[in-house]
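Here's model32.csv, which has CSV, C-alpha atoms and all ligand atoms:
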chain,number,residue,atom,x,y,z
A,811,MET,CA,54.7,141.7,217.7
A,812,SER,CA,55.8,139.4,220.5
A,813,PRO,CA,53.8,136.1,220.1
A,814,THR,CA,54.8,133.3,222.4
A,815,GLU,CA,54.9,131.1,219.3
A,816,VAL,CA,55.7,132.3,215.9
A,817,ARG,CA,53.5,130.6,213.2
A,818,VAL,CA,55.8,130.2,210.2
A,819,GLY,CA,54.9,129.4,206.5
A,820,VAL,CA,57.5,128.0,204.1
A,821,VAL,CA,57.3,129.0,200.4
A,822,GLY,CA,59.2,126.6,198.1
A,823,VAL,CA,59.9,123.0,199.2
A,824,GLY,CA,62.9,122.1,197.1
A,825,ILE,CA,66.1,121.0,198.8
A,826,MET,CA,66.4,124.1,201.1
A,827,GLY,CA,62.7,124.7,201.7
A,828,THR,CA,62.3,121.0,202.8
A,829,ASP,CA,65.4,121.4,205.1
A,830,HIS,CA,64.0,124.5,206.7
A,831,ALA,CA,60.5,123.0,207.1
A,832,GLU,CA,61.9,120.0,208.9
A,833,ARG,CA,64.0,122.3,211.1
A,834,LEU,CA,61.0,124.4,212.0
A,835,ALA,CA,58.8,121.4,212.7
A,836,SER,CA,61.3,119.7,214.9
A,837,ARG,CA,64.1,121.8,216.5
A,838,ILE,CA,63.4,125.5,216.6
A,839,ALA,CA,62.1,126.7,219.9
A,840,GLY,CA,59.1,129.1,219.9
A,841,ALA,CA,58.1,128.4,216.3
A,842,ARG,CA,55.4,126.3,214.7
A,843,LEU,CA,55.3,125.3,211.0
A,844,VAL,CA,51.8,126.1,209.9
A,845,ALA,CA,51.9,125.9,206.1
A,846,VAL,CA,53.9,125.1,203.1
A,847,ALA,CA,53.3,126.4,199.5
A,848,ASP,CA,54.9,125.2,196.3
A,849,PRO,CA,53.7,125.1,192.7
A,850,ASP,CA,54.5,121.4,192.7
A,851,ARG,CA,51.5,120.4,194.7
A,852,VAL,CA,52.4,116.7,194.9
A,853,ARG,CA,55.8,117.4,196.6
A,854,ALA,CA,54.3,120.0,198.9
A,855,THR,CA,51.5,117.7,199.9
A,856,ALA,CA,53.9,114.8,200.6
A,857,LEU,CA,56.0,117.1,202.8
A,858,ALA,CA,53.0,118.6,204.6
A,859,ASP,CA,51.6,115.2,205.3
A,860,ARG,CA,54.9,114.0,206.7
A,861,LEU,CA,55.3,117.1,208.9
A,862,GLY,CA,51.6,117.4,209.8
A,863,THR,CA,51.0,120.9,208.4
A,864,GLU,CA,48.8,122.7,205.8
A,865,VAL,CA,49.4,123.0,202.1
A,866,LEU,CA,48.6,126.1,200.1
A,867,ALA,CA,48.9,126.2,196.3
A,868,ASP,CA,49.6,129.9,196.0
A,869,PRO,CA,52.7,131.4,197.8
A,870,LEU,CA,51.0,134.8,197.9
A,871,ALA,CA,48.0,133.3,199.7
A,872,LEU,CA,50.4,131.9,202.3
A,873,VAL,CA,51.9,135.3,202.8
A,874,ALA,CA,48.5,136.8,203.2
A,875,SER,CA,47.1,134.1,205.5
A,876,PRO,CA,46.0,135.4,208.9
A,877,ASP,CA,47.4,132.1,210.3
A,878,VAL,CA,50.9,132.9,209.2
A,879,ASP,CA,53.0,135.4,211.3
A,880,ALA,CA,56.3,135.0,209.4
A,881,VAL,CA,57.6,133.5,206.1
A,882,VAL,CA,60.6,131.5,205.0
A,883,LEU,CA,61.2,132.0,201.3
A,884,ALA,CA,63.0,129.1,199.6
A,885,SER,CA,61.5,129.6,196.2
A,886,PRO,CA,63.7,130.1,193.1
A,887,GLY,CA,65.5,133.5,193.0
A,888,PHE,CA,63.3,134.8,190.1
A,889,ALA,CA,60.2,134.6,192.4
A,890,HIS,CA,61.8,136.5,195.3
A,891,GLU,CA,61.1,140.1,194.5
A,892,GLU,CA,57.3,139.7,194.2
A,893,GLN,CA,57.2,137.5,197.3
A,894,VAL,CA,59.4,139.6,199.5
A,895,LEU,CA,57.5,142.7,198.5
A,896,ALA,CA,54.2,140.9,199.4
A,897,CYS,CA,55.7,140.2,202.9
A,898,LEU,CA,56.6,143.8,203.3
A,899,ALA,CA,53.2,144.9,202.3
A,900,ALA,CA,51.7,142.5,204.8
A,901,GLY,CA,54.1,143.7,207.5
A,902,LYS,CA,55.5,140.1,208.0
A,903,PRO,CA,59.1,139.2,208.8
A,904,VAL,CA,60.6,137.2,206.0
A,905,LEU,CA,63.7,135.0,205.9
A,906,CYS,CA,64.6,135.0,202.2
A,907,GLU,CA,67.1,132.5,200.9
A,908,LYS,CA,69.9,133.9,198.8
A,909,PRO,CA,70.1,135.6,196.3
A,910,LEU,CA,67.7,138.3,197.4
A,911,THR,CA,66.7,138.9,193.8
A,912,MET,CA,68.1,138.3,190.3
A,913,ASP,CA,69.8,141.7,189.8
A,914,ASP,CA,70.8,144.9,191.7
A,915,GLU,CA,67.9,147.0,190.4
A,916,SER,CA,65.2,144.6,191.8
A,917,SER,CA,67.2,144.2,195.0
A,918,LEU,CA,67.2,148.0,195.4
A,919,ARG,CA,63.4,148.0,194.9
A,920,VAL,CA,63.2,145.7,197.9
A,921,VAL,CA,65.5,147.9,200.0
A,922,ARG,CA,63.4,151.0,199.1
A,923,ALA,CA,60.1,149.2,200.0
A,924,GLU,CA,61.6,148.2,203.4
A,925,VAL,CA,62.8,151.8,204.0
A,926,GLU,CA,59.3,152.9,203.1
A,927,HIS,CA,57.9,150.4,205.6
A,928,GLY,CA,60.2,151.9,208.2
A,929,THR,CA,61.5,148.9,210.2
A,930,ARG,CA,63.6,145.9,209.1
A,931,LEU,CA,61.5,142.9,208.2
A,932,VAL,CA,63.8,141.2,205.7
A,933,THR,CA,66.6,138.8,206.6
A,934,VAL,CA,68.6,137.2,203.7
A,935,GLY,CA,69.7,133.6,204.3
A,936,PHE,CA,73.5,134.1,204.3
A,937,MET,CA,73.9,131.3,206.8
A,938,ARG,CA,77.7,131.5,207.0
A,939,ARG,CA,77.4,134.5,209.3
A,940,PHE,CA,76.0,132.0,211.9
A,941,ASP,CA,78.6,129.3,211.4
A,942,PRO,CA,80.6,129.3,214.7
A,943,GLU,CA,83.9,129.5,212.8
A,944,TYR,CA,82.9,132.5,210.6
A,945,ALA,CA,81.3,134.3,213.6
A,946,GLU,CA,84.4,133.7,215.7
A,947,ALA,CA,86.7,134.9,212.9
A,948,ARG,CA,84.7,138.0,212.5
A,949,ALA,CA,84.7,138.7,216.3
A,950,LEU,CA,88.5,138.1,216.5
A,951,LEU,CA,89.2,140.3,213.5
A,952,GLY,CA,86.9,143.0,214.9
A,953,THR,CA,89.0,143.3,218.0
A,954,GLY,CA,91.9,144.7,215.9
A,955,GLU,CA,94.3,142.7,218.0
A,956,ARG,CA,95.8,141.2,214.9
A,957,GLY,CA,95.9,144.5,213.0
A,958,ARG,CA,94.1,145.2,209.8
A,959,LEU,CA,92.7,142.4,207.6
A,960,LEU,CA,94.7,142.5,204.4
A,961,LEU,CA,93.8,139.4,202.4
A,962,LEU,CA,91.1,136.8,202.3
A,963,HIS,CA,91.4,133.5,200.4
A,964,ASN,CA,88.1,131.7,199.9
A,965,VAL,CA,87.5,128.2,198.5
A,966,HIS,CA,84.0,127.0,197.7
A,967,ARG,CA,83.5,123.5,196.1
A,968,ASN,CA,80.4,121.5,195.4
A,969,ARG,CA,80.6,117.8,194.5
A,970,SER,CA,78.3,118.5,191.5
A,971,VAL,CA,75.4,120.6,190.5
A,972,PRO,CA,71.8,119.4,190.4
A,973,ASN,CA,71.2,119.8,186.7
A,974,ALA,CA,72.6,121.1,183.4
A,975,ASP,CA,70.6,124.3,183.8
A,976,PHE,CA,73.3,125.4,186.3
A,977,ARG,CA,75.1,127.7,183.8
A,978,SER,CA,78.3,129.7,184.2
A,979,GLU,CA,76.4,132.8,185.4
A,980,MET,CA,74.7,130.8,188.1
A,981,ILE,CA,78.1,129.9,189.6
A,982,VAL,CA,78.5,133.7,190.2
A,983,ARG,CA,74.9,134.5,191.2
A,984,ASP,CA,74.1,131.4,193.3
A,985,SER,CA,77.5,130.2,194.6
A,986,LEU,CA,80.0,133.0,194.6
A,987,VAL,CA,77.4,135.2,196.1
A,988,HIS,CA,78.1,133.5,199.4
A,989,GLU,CA,81.8,134.6,199.2
A,990,VAL,CA,80.6,138.2,198.4
A,991,ASP,CA,78.6,138.2,201.6
A,992,SER,CA,81.2,136.5,203.8
A,993,SER,CA,83.9,138.9,202.5
A,994,ARG,CA,81.8,141.9,203.3
A,995,PHE,CA,81.1,140.3,206.7
A,996,LEU,CA,84.7,139.5,207.6
A,997,PHE,CA,86.1,142.8,206.3
A,998,ASP,CA,83.1,144.8,207.5
A,999,ASP,CA,83.5,146.7,204.2
A,1000,GLU,CA,82.0,146.9,200.7
A,1001,VAL,CA,83.3,145.3,197.5
A,1002,VAL,CA,84.1,148.0,195.0
A,1003,GLU,CA,85.5,146.0,192.0
A,1004,VAL,CA,85.2,142.4,190.8
A,1005,THR,CA,87.0,140.4,188.2
A,1006,VAL,CA,86.0,136.8,187.3
A,1007,LEU,CA,88.2,134.5,185.2
A,1008,ALA,CA,88.0,130.9,184.3
A,1009,PRO,CA,90.6,128.3,183.3
A,1010,ALA,CA,89.8,125.6,180.7
A,1011,PRO,CA,86.8,123.9,182.3
A,1012,THR,CA,86.7,120.5,183.9
A,1013,ARG,CA,85.3,117.8,181.7
A,1014,HIS,CA,82.7,117.2,184.4
A,1015,ALA,CA,81.0,120.5,183.7
A,1016,ALA,CA,78.1,120.6,181.2
A,1017,GLU,CA,78.9,121.7,177.7
A,1018,GLY,CA,79.7,125.4,177.6
A,1019,VAL,CA,79.8,125.9,181.4
A,1020,LEU,CA,82.9,127.7,182.8
A,1021,ASP,CA,83.7,125.7,185.9
A,1022,PRO,CA,85.8,126.3,188.0
A,1023,GLN,CA,86.0,130.1,188.2
A,1024,VAL,CA,88.4,132.4,190.0
A,1025,ALA,CA,87.2,135.8,191.2
A,1026,LEU,CA,89.1,138.7,192.7
A,1027,PHE,CA,87.3,141.3,194.9
A,1028,ARG,CA,88.8,144.7,195.7
A,1029,MET,CA,87.4,146.1,199.0
A,1030,ALA,CA,86.7,149.8,199.6
A,1031,GLY,CA,89.4,150.0,202.3
A,1032,GLY,CA,92.1,148.4,200.1
A,1033,GLY,CA,91.7,144.7,201.1
A,1034,LEU,CA,91.9,142.0,198.4
A,1035,VAL,CA,89.9,138.7,198.2
A,1036,THR,CA,90.7,135.7,196.1
A,1037,ASN,CA,87.9,133.2,195.5
A,1038,GLU,CA,87.9,129.8,193.8
A,1039,VAL,CA,84.4,128.4,193.1
A,1040,PHE,CA,84.3,124.9,191.6
A,1041,VAL,CA,80.8,123.3,191.5
A,1042,ASN,CA,81.7,120.0,189.9
A,1043,SER,CA,84.7,119.0,192.0
A,1044,GLN,CA,83.5,115.3,192.1
A,1045,VAL,CA,84.4,115.0,195.8
A,1046,GLY,CA,82.2,116.8,198.3
A,1047,TYR,CA,81.3,120.1,199.9
A,1048,GLU,CA,84.4,122.1,200.8
A,1049,VAL,CA,84.0,125.6,202.0
A,1050,ARG,CA,87.0,127.2,203.8
A,1051,PHE,CA,89.0,130.4,204.0
A,1052,GLU,CA,92.3,131.8,205.2
A,1053,ALA,CA,92.3,135.4,206.4
A,1054,VAL,CA,95.6,137.2,206.5
A,1055,ALA,CA,95.9,140.1,208.9
A,1056,GLU,CA,98.9,142.3,209.8
A,1057,ARG,CA,99.9,140.1,212.7
A,1058,GLY,CA,98.7,136.6,212.0
A,1059,SER,CA,96.3,134.6,209.9
A,1060,LEU,CA,93.4,132.4,210.7
A,1061,THR,CA,91.6,129.6,208.8
A,1062,ALA,CA,88.1,128.2,208.9
A,1063,GLY,CA,86.6,125.0,207.4
A,1064,LEU,CA,89.8,122.9,207.4
A,1065,HIS,CA,88.1,120.0,208.9
A,1066,THR,CA,86.0,119.7,205.7
A,1067,THR,CA,89.0,119.7,203.4
A,1068,ALA,CA,89.5,116.7,201.0
A,1069,LEU,CA,92.8,115.3,199.9
A,1070,LEU,CA,93.3,115.2,196.2
A,1071,GLY,CA,92.6,111.6,195.0
A,1072,THR,CA,90.4,110.5,197.9
A,1073,SER,CA,87.5,108.4,196.9
A,1074,ALA,CA,84.3,110.2,195.8
A,1075,ALA,CA,82.2,107.1,196.2
A,1076,ALA,CA,80.8,107.8,199.6
A,1077,GLY,CA,79.8,111.4,198.7
A,1078,GLY,CA,82.9,113.1,200.1
A,1079,GLY,CA,86.7,112.7,200.7
A,1080,ALA,CA,88.7,112.6,203.8
A,1081,TRP,CA,91.3,114.7,205.7
A,1082,GLY,CA,91.5,113.6,209.2
A,1083,GLY,CA,87.7,113.6,209.2
A,1084,VAL,CA,84.7,113.5,206.9
A,1085,VAL,CA,84.0,115.8,203.9
A,1086,PRO,CA,80.3,116.5,203.9
A,1087,ALA,CA,78.4,115.7,200.7
A,1088,ASP,CA,76.6,119.0,200.6
A,1089,TYR,CA,75.8,122.3,202.3
A,1090,ARG,CA,73.0,121.0,204.4
A,1091,ARG,CA,75.6,118.9,206.3
A,1092,ARG,CA,78.4,121.4,206.3
A,1093,PHE,CA,76.3,124.3,207.5
A,1094,ALA,CA,73.6,122.3,209.5
A,1095,ARG,CA,74.5,124.1,212.8
A,1096,ALA,CA,74.7,127.5,211.0
A,1097,TYR,CA,71.2,127.0,209.6
A,1098,ASP,CA,69.8,126.0,213.0
A,1099,LEU,CA,71.4,129.0,214.7
A,1100,GLU,CA,70.2,131.3,211.9
A,1101,VAL,CA,66.6,130.2,212.0
A,1102,GLN,CA,66.5,130.2,215.8
A,1103,ALA,CA,67.9,133.7,215.9
A,1104,TRP,CA,65.4,134.8,213.4
A,1105,VAL,CA,62.5,133.4,215.4
A,1106,ASP,CA,63.9,134.8,218.7
A,1107,GLY,CA,64.1,138.2,217.1
A,1108,ILE,CA,60.5,138.1,216.1
A,1109,ARG,CA,59.3,136.8,219.5
A,1110,VAL,CA,61.2,139.4,221.6
A,1111,GLY,CA,60.5,142.2,219.1
A,1112,THR,CA,64.2,143.1,218.6
A,1113,GLY,CA,63.8,143.0,214.9
A,1114,ALA,CA,65.6,141.3,212.0
A,1115,VAL,CA,69.0,139.6,212.6
A,1116,GLY,CA,71.7,138.4,210.2
A,1117,ALA,CA,72.1,139.7,206.7
A,1118,SER,CA,69.8,142.7,205.9
A,1119,ALA,CA,68.0,143.6,202.7
A,1120,TRP,CA,70.9,146.0,202.2
A,1121,ASP,CA,73.4,143.2,202.5
A,1122,GLY,CA,71.3,141.2,200.0
A,1123,TYR,CA,71.3,144.2,197.6
A,1124,ALA,CA,75.1,144.7,198.0
A,1125,ALA,CA,75.7,141.0,197.3
A,1126,THR,CA,73.5,141.1,194.3
A,1127,ALA,CA,75.2,144.2,192.9
A,1128,VAL,CA,78.6,142.5,193.2
A,1129,SER,CA,77.2,139.3,191.5
A,1130,THR,CA,75.7,141.4,188.7
A,1131,ALA,CA,79.1,143.0,188.1
A,1132,GLY,CA,80.7,139.6,188.4
A,1133,MET,CA,78.5,138.2,185.7
A,1134,ALA,CA,79.5,141.1,183.5
A,1135,SER,CA,83.2,140.5,184.2
A,1136,LEU,CA,82.9,136.8,183.5
A,1137,ALA,CA,81.7,137.7,179.9
A,1138,THR,CA,84.8,140.0,179.3
A,1139,GLY,CA,87.4,138.9,181.7
A,1140,THR,CA,88.0,142.5,182.7
A,1141,PRO,CA,87.5,144.2,186.1
A,1142,VAL,CA,84.0,145.7,186.6
A,1143,ALA,CA,83.4,148.4,189.2
A,1144,VAL,CA,80.5,148.0,191.7
A,1145,GLU,CA,78.5,151.2,192.2
A,1146,LEU,CA,76.1,151.0,195.1
A,1147,ALA,CA,73.3,153.4,195.9
A,1148,GLU,CA,73.6,155.5,199.0
A,1149,ARG,CA,73.0,153.3,202.1
A,1150,PRO,CA,69.8,154.3,204.0
A,1151,SER,CA,70.1,155.0,207.7
A,1152,LEU,CA,67.9,152.0,208.4
A,1153,TYR,CA,71.0,149.9,207.7
A,1154,ARG,CA,73.5,151.1,210.2
A,1155,ALA,CA,76.5,148.9,209.8
A,1156,THR,CA,78.1,147.6,206.6
A,1157,ALA,CA,77.5,144.0,207.8
A,1158,ASP,CA,75.6,143.7,211.0
A,1159,PRO,CA,77.5,141.4,213.4
A,1160,VAL,CA,75.9,138.4,215.0
A,1161,ALA,CA,76.7,137.1,218.4
A,1162,VAL,CA,79.3,134.4,218.6
A,1163,PRO,CA,77.4,131.3,219.7
B,1,LIG,C1,73.5,126.6,196.5
B,1,LIG,O1,72.4,127.3,196.1
B,1,LIG,C2,74.0,127.1,197.8
B,1,LIG,O2,73.5,128.1,198.3
B,1,LIG,C3,75.2,126.4,198.3
B,1,LIG,O3,75.6,126.9,199.5
B,1,LIG,C4,76.3,126.6,197.3
B,1,LIG,O4,77.4,125.9,197.7
B,1,LIG,C5,75.8,126.0,195.9
B,1,LIG,O5,76.9,126.2,195.0
B,1,LIG,C6,74.6,126.8,195.5
B,1,LIG,O6,74.1,126.2,194.3
What would the structure in this file look like if it were written as C-alpha cells?
Amino acid sequence: MSPTEVRVGVVGVGIMGTDHAERLASRIAGARLVAVADPDRVRATALADRLGTEVLADPLALVASPDVDAVVLASPGFAHEEQVLACLAAGKPVLCEKPLTMDDESSLRVVRAEVEHGTRLVTVGFMRRFDPEYAEARALLGTGERGRLLLLHNVHRNRSVPNADFRSEMIVRDSLVHEVDSSRFLFDDEVVEVTVLAPAPTRHAAEGVLDPQVALFRMAGGGLVTNEVFVNSQVGYEVRFEAVAERGSLTAGLHTTALLGTSAAAGGGAWGGVVPADYRRRFARAYDLEVQAWVDGIRVGTGAVGASAWDGYAATAVSTAGMASLATGTPVAVELAERPSLYRATADPVAVP
C-alpha cells in the first residue's frame, strides 16, 4: 500500500489515545485522523467533535472499516491481543501502545500471527527509541568506538500514578517495561535474567503497593542493568540513564533531573531547567517522530519501523519474569521462544533524527 494520505483510526481515547489523536489531527504529515473508538462514548464524542472526526462505538468495527487504512491502539493492555490480531487479520498496520499484551504467551500468539501473515504490520509504541538522546546513544554505542557496553543505570520516576488500581505488578508491566525495551535497544541484546526488589515503600504509595522498586537485568552477552522505578516521587517525570562502556560513559535525560527538595507545586522540580510533569511533555518529540516514521513507513511501503512484535514479546516476557521475581525477591530466568527470521535484528535500529 502506498496511499498519498494514510487514513488513521485511534482506538482508546484515554491520556495517550487523546495525545495521539491530537498529534495525527494536527502535525503528522501524510496522515488524516478519520475515526476514534472508545467504550466511553461520551469522551470519544467530545474528542471527535473537537478534532472533527468520526466516532465508532466498537473498536473492532473501526479496525474493519474500509475508511481506515491503519490503526493506533491506545486501549488498555488487556484489550490489545484481540485488537492487534484483528488488525493482522484485516492486513492493516497497527501502532500498539505498550505493553503489547498482558503476558508472554499472548504476545507470542501475536508474533506467530504476524509470521503467518508474512510481513511486519505491528509496531509497539516504545517511543524512547525515537527520543533523539536515546537514538544518538544507540548510534554511538553501535560504532564500537567506546568499546563494549558494560553497564546501564536507568532511573524512571513519575510524579504520581493516576489511581489506586496501579498495583505493584503494574509498576513492572507498565513502567519498568520501558527500561526492558530501552536496555535491549541500547545493548542490542536480550535480557536473560531479572530480579526485582523493593525497599520499605514510600508513604505516598497506596496501601500494599511496593513503590519504589529496583530491578536488575542480566543481558545475554554479560552486560548488567540497574533500574530504579518510582511512580509516586511527588516531583515530576524523570527518565534518564547512564551507560558505561569500556572507554567512556554517556548520559541522557539529565536536563529533566530534579534536585531533592525542589517544590512539587508546579508539577515538577528544577535542575538548571524544567522537570516535565509527565511523559507527554518529556517524550513529546519522541512521540511525534515515532508516529511520523510509522506513517512514512506505510506511505512509502517500507514496512513497520520502531519496536517490532518480537520486541514487544521479548519485553513482555521479561516483565512476566519480573512480576514473578517481585513476588519472591529471587532472580527469574527469561526463556524466549526461537526468534523467527521475520525479525532480523534483536532491536531494529532507528535513524538518528
Ligand atoms: C505509563 O503507562 C507510561 O507508559 C509512562 O511512560 C510511564 O512512565 C508510566 O509509569 C506508565 O504508567
Given only C-alpha atoms as the counted atoms, nearest of A:Ala899, A:Val982, A:Leu1007, A:Val882 to Val823 (chain A) =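 Nearest candidate to Val823 (chain A) out of A:Ala899, A:Val982, A:Leu1007, A:Val882: A:Val882.
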Give as a list in words the residues surrounding ligand LIG 1 (chain B) up to a distance of 7 Å, considering all atoms listed in the file.
->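 These are the residues that qualify: Lys908, His966, Arg967, Asn968, Val971, Ile981, Asp984, Ser985, Val1041 and Tyr1089 of chain A.
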Local residues around (87.1, 134.4, 193.0), at most 9 Å away, using only C-alpha atoms, as number ranges by chain = A: 963-965, 986, 989, 1004-1007, 1023-1027, 1035-1039
Provide the CA of Gly887 (chain A) to CA of Glu907 (chain A) distance in Å, to one decimal place.
->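 Taking CA of Gly887 (chain A) as the start and CA of Glu907 (chain A) as the end point, the length is 8.1 Å.
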Sphere at (63.1, 146.3, 207.4), radius 8 Å, counting all atoms listed in the file: residues as a list in words |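 Using all atoms listed in the file, the matching residues come out as Val921, Glu924, Val925, His927, Gly928, Thr929, Arg930, Leu931, Val932, Ala1114, Ser1118, Ala1119 and Leu1152 of chain A.
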Got a sec: who's within 9 Å of Leu1064 (chain A), counting only C-alpha atoms, leaving out chain neighbours fewer than 6 positions off, as an MDAnalysis selection string?
-> chainID A and resid 1048:1051 1081
Save the residues we just selected, C-alpha atoms, as a compact mmCIF listing (two decimals), keeping the file's coordinate frame?
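The file below, result.txt, is the result:
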# COMPACT_ATOMS: atom_id res chain seq x y z
CA GLU A 1048 84.40 122.10 200.80
CA VAL A 1049 84.00 125.60 202.00
CA ARG A 1050 87.00 127.20 203.80
CA PHE A 1051 89.00 130.40 204.00
CA TRP A 1081 91.30 114.70 205.70
Nearby residues (only C-alpha atoms) at most 10 Å from Leu950 (chain A), same-chain spacing under 5 positions excluded, as a PDB file with C-alpha atoms, in the frame of the given file:
ATOM      1  CA  TYR A 944      82.900 132.500 210.600  1.00  0.00           C
ATOM      2  CA  ALA A 945      81.300 134.300 213.600  1.00  0.00           C
ATOM      3  CA  GLU A 955      94.300 142.700 218.000  1.00  0.00           C
ATOM      4  CA  ARG A 956      95.800 141.200 214.900  1.00  0.00           C
ATOM      5  CA  LEU A 996      84.700 139.500 207.600  1.00  0.00           C
ATOM      6  CA  LEU A1060      93.400 132.400 210.700  1.00  0.00           C
TER       7      LEU A1060
END
Have a look at CA of Phe997 (chain A) and CA of Ser1059 (chain A) and let me know their distance in Å, one decimal.
->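 Separation of CA of Phe997 (chain A) and CA of Ser1059 (chain A): 13.6 Å.
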